[in-house]
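A.B. asks: If you scroll down you'll find the structure; I have some questions about it.
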Amino acid sequence: AVAPLIGGGLLTLWENGSAEPDPDNLGFSVWNGSGWSAAAQVFPTDKSQGVDDWSILTTAVGVHAVRRTATNDFEHLRFDGSTWQAGGALANDPGAHDSGIVLASTGAASMSLYAIGQDGSIRSATWNGTAWSAWSSVVPTGATRTFLSGATLASGKAAVLWTEAGATNFTIVGMLVPPS
């Protein structure tokens, strides 16, 4: 994934490939306009995670990174252009391993995190710039859901997408992210 930095340049993140199929960290590097920094790790502690269970988002205060570990713990860090700093604590929330998580903007400094719950519901927690809300279901149980993804639309709105199993195929389903 690539994210623009507020002061210019780019931040790139990747799963570190330390163990397959479940890596234990993310790598990152910064483009300063003339070259890339040495690769380093995002999270201070290695913990097994699904290859798709991480997301990044640039907001008015920097780049946020969140990952879900194999034990359903969520970790949130913020990158200010030079260093990673602790973000807010997120409650763990049992989910579908390696189904993806999505950070989506809901305002200048606010964002929501989306994940597929163990029961197949789409779950969300919201960051208000200071703290995370409790998890809640925004799309109820009722289908077998996999492969969560997100997109920022040209209008500045965000969308969350996922697949739902049908009788013989999968359908791509989604929703617009409501502003805060």
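By order in the structure tokens, chains are A, B, ...; within a chain, residues start at 1; ligands start at 1, following the order shown.
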Mind checking which residues fall within 12 Å of Gln85 of chain A, counting only C-alpha atoms, ignoring those fewer than 3 positions away in the same chain, and posting them as a ChimeraX atom specification?
C.D. replies: /A:42-44,61-65,75-82,88
A.B. asks: Can you tell me, as a PyMOL selection string, what residues are no more than 6 Å from segment 16-30 of chain A when counting only C-alpha atoms, ignoring any on the same chain fewer than 6 positions away?
C.D. replies: chain A and resi 10+36-37+39-42+46-51
A.B. asks: Could you write out that same residue set with N, CA and C atoms as a short mmCIF file (atom, residue, chain, number, x, y, z; two decimals), in the first residue's frame?
C.D. replies:
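Once everything was written out, this is out-v5.cif:
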```
data_model
loop_
_atom_site.label_atom_id
_atom_site.label_comp_id
_atom_site.auth_asym_id
_atom_site.auth_seq_id
_atom_site.Cartn_x
_atom_site.Cartn_y
_atom_site.Cartn_z
N LEU A 10 6.13 9.99 0.08
CA LEU A 10 5.24 8.85 0.11
C LEU A 10 5.69 7.87 1.18
N TRP A 36 14.49 6.36 -1.40
CA TRP A 36 13.74 5.62 -0.39
C TRP A 36 14.59 5.42 0.86
N SER A 37 13.97 5.51 2.02
CA SER A 37 14.66 5.21 3.28
C SER A 37 14.87 3.70 3.38
N ALA A 39 14.40 0.04 4.65
CA ALA A 39 13.20 -0.66 5.11
C ALA A 39 13.28 -0.89 6.62
N ALA A 40 12.14 -0.74 7.29
CA ALA A 40 12.05 -0.97 8.73
C ALA A 40 10.69 -1.58 9.03
N GLN A 41 10.49 -2.00 10.27
CA GLN A 41 9.22 -2.60 10.67
C GLN A 41 8.29 -1.54 11.25
N VAL A 42 6.99 -1.70 11.01
CA VAL A 42 5.99 -0.77 11.51
C VAL A 42 5.72 -1.00 12.99
N ASP A 46 6.63 -8.34 16.91
CA ASP A 46 6.15 -9.28 15.91
C ASP A 46 5.02 -10.11 16.49
N LYS A 47 3.90 -10.17 15.76
CA LYS A 47 2.75 -10.99 16.14
C LYS A 47 2.12 -11.53 14.87
N SER A 48 1.77 -12.79 14.88
CA SER A 48 1.16 -13.41 13.72
C SER A 48 -0.13 -12.68 13.34
N GLN A 49 -0.30 -12.44 12.04
CA GLN A 49 -1.48 -11.75 11.52
C GLN A 49 -1.81 -12.32 10.15
N GLY A 50 -3.04 -12.20 9.73
CA GLY A 50 -3.41 -12.59 8.38
C GLY A 50 -2.79 -11.64 7.38
N VAL A 51 -2.46 -12.12 6.20
CA VAL A 51 -1.81 -11.30 5.19
C VAL A 51 -2.68 -10.11 4.79
#
```
A.B. asks: Neighbouring residues of Ser149 of chain A were defined as those with any atom within 8 Å, considering only C-alpha atoms; residues of the same chain fewer than 3 positions away were excluded. Please report them as a VMD selection string.
C.D. replies: chain A and resid 100 to 102 160 to 162
A.B. asks: Could you write out that same residue set with C-alpha atoms as a PDB file, in the first residue's frame?
C.D. replies:
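The resulting again12.pdb:
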```
ATOM      1  CA  GLY A 100      -9.283  -8.026   5.513  1.00  0.00           C
ATOM      2  CA  ILE A 101      -9.837  -4.862   7.517  1.00  0.00           C
ATOM      3  CA  VAL A 102     -10.493  -1.377   6.102  1.00  0.00           C
ATOM      4  CA  VAL A 160     -16.443  -0.600   1.902  1.00  0.00           C
ATOM      5  CA  LEU A 161     -16.793  -3.690  -0.313  1.00  0.00           C
ATOM      6  CA  TRP A 162     -16.923  -7.416   0.380  1.00  0.00           C
TER       7      TRP A 162
END
```
A.B. asks: To test your reading of the structure, identify every residue in segment 24-120 of chain A that backbone DSSP assigns to strand (DSSP E), and report it as a ChimeraX atom specification.
C.D. replies: /A:26-31,40-41,49-59,62-69,74-79,84-86,101-105,111-116
A.B. asks: Which one of A:Gly120, A:Gly33, A:Gly107, A:Gly9 sits closest to Pro94 of chain A if you count only C-alpha atoms?
C.D. replies: A:Gly120
A.B. asks: To one decimal place, how far is atom CA of Thr12 of chain A from atom CA of Val66 of chain A in Å?
C.D. replies: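 If I compute the distance from atom CA of Thr12 of chain A to atom CA of Val66 of chain A, I get 14.2 Å.
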